[in-house]
Amino acid sequence: MRRHALACGLALCLPASAALAEFDLALGEIGQREYYCTAEMTLTNTGPDPVMEVSGHFFLYVGADRVGRSKGTWFMNIAPGASVTTVFETPNAPCTDVDRYEFVVGACRMAGPGFDPVDACSTRINGTGPVEVAPGS
């Protein structure tokens, strides 16, 4: 496994909505397991409230070309100031060539028993480095 090398200055990486984001999503180690490209992703709660669940999957891109879709997984029970790391697996994707990961939010529960609107949830997550966030479709 290797650490992704993309880094940038704070002013260059944060979209305008990042100031409103309550969660940061970042890429960690990437690697290969059998025919799966594995990507370790960490969701950090920078807001004042706990989050119960955020689920989704990733689209992987090389330039403008989508080269894979990960299996879905979730982040659960993240206290304020805490982080949760999980591994997303994408079959037959060119791990070392991927330069952009788009997290597609599938569902989220912030504080109650019901699910929150996906669009509202996705705007609360700031993707860092090569990670972007999109509402589900």
# chains A, B, ... in the order shown; residues from 1 in each chain; ligands from 1
$ select_by_dssp --residues "segment 32-132 of chain A" --states "helix (DSSP H, G or I)" --output "list in words"
Cys95, Thr96, Asp97, Val118, Asp119, Ala120, Cys121, Ser122 and Thr123 of chain A
$ write_last_selection --atoms "C-alpha atoms" --output "tab-separated table (two decimals), in the first residue's frame"
chain	number	residue	atom	x	y	z
A	95	CYS	CA	-5.33	1.92	-8.53
A	96	THR	CA	-2.08	3.73	-9.21
A	97	ASP	CA	-3.53	5.77	-12.09
A	118	VAL	CA	-28.95	13.32	0.66
A	119	ASP	CA	-28.44	16.75	-0.95
A	120	ALA	CA	-28.31	18.47	2.45
A	121	CYS	CA	-25.98	15.81	3.81
A	122	SER	CA	-23.53	16.02	0.90
A	123	THR	CA	-23.12	19.79	1.32
$ select_by_dssp --residues "chain A" --states "strand (DSSP E or B)" --output "MDAnalysis selection string"
chainID A and resid 2:3 23:33 36:45 51:62 65:69 73:78 83:91 100:109 125:127 131:135
$ write_last_selection --atoms "C-alpha atoms" --output "PDB file, in the first residue's frame"
ATOM      1  CA  ARG A   2       1.095   3.598  -0.510  1.00  0.00           C
ATOM      2  CA  ARG A   3       0.135   6.997   0.794  1.00  0.00           C
ATOM      3  CA  PHE A  23     -17.124  16.803   8.011  1.00  0.00           C
ATOM      4  CA  ASP A  24     -13.836  16.285   6.156  1.00  0.00           C
ATOM      5  CA  LEU A  25     -13.373  13.260   3.897  1.00  0.00           C
ATOM      6  CA  ALA A  26      -9.778  12.361   3.062  1.00  0.00           C
ATOM      7  CA  LEU A  27      -7.887   9.638   1.212  1.00  0.00           C
ATOM      8  CA  GLY A  28      -5.367   7.548   3.147  1.00  0.00           C
ATOM      9  CA  GLU A  29      -3.620   4.385   1.984  1.00  0.00           C
ATOM     10  CA  ILE A  30      -4.375   2.872  -1.409  1.00  0.00           C
ATOM     11  CA  GLY A  31      -3.479  -0.632  -2.490  1.00  0.00           C
ATOM     12  CA  GLN A  32      -4.479  -3.839  -4.196  1.00  0.00           C
ATOM     13  CA  ARG A  33      -6.230  -6.928  -2.792  1.00  0.00           C
ATOM     14  CA  TYR A  36      -9.733  -5.009  -6.001  1.00  0.00           C
ATOM     15  CA  CYS A  37      -8.271  -1.518  -5.824  1.00  0.00           C
ATOM     16  CA  THR A  38      -8.568  -0.554  -2.147  1.00  0.00           C
ATOM     17  CA  ALA A  39      -8.821   3.013  -0.896  1.00  0.00           C
ATOM     18  CA  GLU A  40      -8.787   3.866   2.798  1.00  0.00           C
ATOM     19  CA  MET A  41     -11.026   6.876   3.466  1.00  0.00           C
ATOM     20  CA  THR A  42     -11.346   8.827   6.705  1.00  0.00           C
ATOM     21  CA  LEU A  43     -14.366  10.935   7.655  1.00  0.00           C
ATOM     22  CA  THR A  44     -13.628  13.463  10.413  1.00  0.00           C
ATOM     23  CA  ASN A  45     -16.410  15.195  12.326  1.00  0.00           C
ATOM     24  CA  VAL A  51     -23.290  11.748  13.185  1.00  0.00           C
ATOM     25  CA  MET A  52     -24.966   8.361  13.254  1.00  0.00           C
ATOM     26  CA  GLU A  53     -24.360   7.133   9.686  1.00  0.00           C
ATOM     27  CA  VAL A  54     -23.107   8.254   6.272  1.00  0.00           C
ATOM     28  CA  SER A  55     -23.120   5.662   3.494  1.00  0.00           C
ATOM     29  CA  GLY A  56     -22.207   5.720  -0.158  1.00  0.00           C
ATOM     30  CA  HIS A  57     -19.743   4.633  -2.815  1.00  0.00           C
ATOM     31  CA  PHE A  58     -16.954   6.145  -4.913  1.00  0.00           C
ATOM     32  CA  PHE A  59     -16.538   6.770  -8.615  1.00  0.00           C
ATOM     33  CA  LEU A  60     -12.865   6.657  -9.592  1.00  0.00           C
ATOM     34  CA  TYR A  61     -11.497   8.862 -12.370  1.00  0.00           C
ATOM     35  CA  VAL A  62      -8.357   9.100 -14.452  1.00  0.00           C
ATOM     36  CA  ASP A  65     -12.704   9.193 -17.656  1.00  0.00           C
ATOM     37  CA  ARG A  66     -14.584   7.226 -15.010  1.00  0.00           C
ATOM     38  CA  VAL A  67     -12.617   4.010 -14.532  1.00  0.00           C
ATOM     39  CA  GLY A  68     -14.472   2.352 -11.672  1.00  0.00           C
ATOM     40  CA  ARG A  69     -17.214   2.279  -9.038  1.00  0.00           C
ATOM     41  CA  THR A  73     -19.865   1.038   2.618  1.00  0.00           C
ATOM     42  CA  TRP A  74     -20.519   3.414   5.503  1.00  0.00           C
ATOM     43  CA  PHE A  75     -19.102   5.515   8.305  1.00  0.00           C
ATOM     44  CA  MET A  76     -20.943   5.124  11.618  1.00  0.00           C
ATOM     45  CA  ASN A  77     -21.187   6.798  15.047  1.00  0.00           C
ATOM     46  CA  ILE A  78     -18.710   9.673  14.751  1.00  0.00           C
ATOM     47  CA  SER A  83     -12.713  10.245  12.878  1.00  0.00           C
ATOM     48  CA  VAL A  84     -13.752   6.932  11.382  1.00  0.00           C
ATOM     49  CA  THR A  85     -11.754   5.149   8.687  1.00  0.00           C
ATOM     50  CA  THR A  86     -13.102   2.525   6.302  1.00  0.00           C
ATOM     51  CA  VAL A  87     -11.867   0.817   3.153  1.00  0.00           C
ATOM     52  CA  PHE A  88     -13.682   1.091  -0.156  1.00  0.00           C
ATOM     53  CA  GLU A  89     -13.015  -1.638  -2.732  1.00  0.00           C
ATOM     54  CA  THR A  90     -13.299  -1.197  -6.490  1.00  0.00           C
ATOM     55  CA  PRO A  91     -13.023  -4.246  -8.759  1.00  0.00           C
ATOM     56  CA  ARG A 100      -9.856  11.755  -8.486  1.00  0.00           C
ATOM     57  CA  TYR A 101     -12.310  10.005  -6.144  1.00  0.00           C
ATOM     58  CA  GLU A 102     -15.937  11.159  -6.149  1.00  0.00           C
ATOM     59  CA  PHE A 103     -17.874  10.098  -3.042  1.00  0.00           C
ATOM     60  CA  VAL A 104     -21.553   9.631  -3.885  1.00  0.00           C
ATOM     61  CA  VAL A 105     -23.636   9.995  -0.734  1.00  0.00           C
ATOM     62  CA  GLY A 106     -26.273   7.276  -0.631  1.00  0.00           C
ATOM     63  CA  ALA A 107     -27.865   7.921   2.760  1.00  0.00           C
ATOM     64  CA  CYS A 108     -27.177   9.655   6.042  1.00  0.00           C
ATOM     65  CA  ARG A 109     -28.621   9.921   9.523  1.00  0.00           C
ATOM     66  CA  ILE A 125     -18.988  17.045   3.763  1.00  0.00           C
ATOM     67  CA  ASN A 126     -15.796  18.618   2.468  1.00  0.00           C
ATOM     68  CA  GLY A 127     -13.658  16.403   0.248  1.00  0.00           C
ATOM     69  CA  VAL A 131     -11.668  13.521  -2.964  1.00  0.00           C
ATOM     70  CA  GLU A 132     -14.892  15.224  -4.059  1.00  0.00           C
ATOM     71  CA  VAL A 133     -18.427  14.785  -2.680  1.00  0.00           C
ATOM     72  CA  ALA A 134     -21.680  14.470  -4.657  1.00  0.00           C
ATOM     73  CA  PRO A 135     -25.279  13.742  -3.711  1.00  0.00           C
TER      74      PRO A 135
END
$ closest_residue --among "A:Gly114, A:Pro80, A:Tyr35, A:Gly129" --to "Pro94 of chain A" --atoms "only C-alpha atoms"
A:Tyr35
$ atom_distance --atom1 "atom CA of Ala82 of chain A" --atom2 "atom CA of Thr128 of chain A"
16.7 Å
$ atom_distance --atom1 "atom CA of Pro113 of chain A" --atom2 "atom CA of Asp49 of chain A"
14.9 Å
$ atom_distance --atom1 "atom CA of Met110 of chain A" --atom2 "atom CA of Pro50 of chain A"
7.0 Å
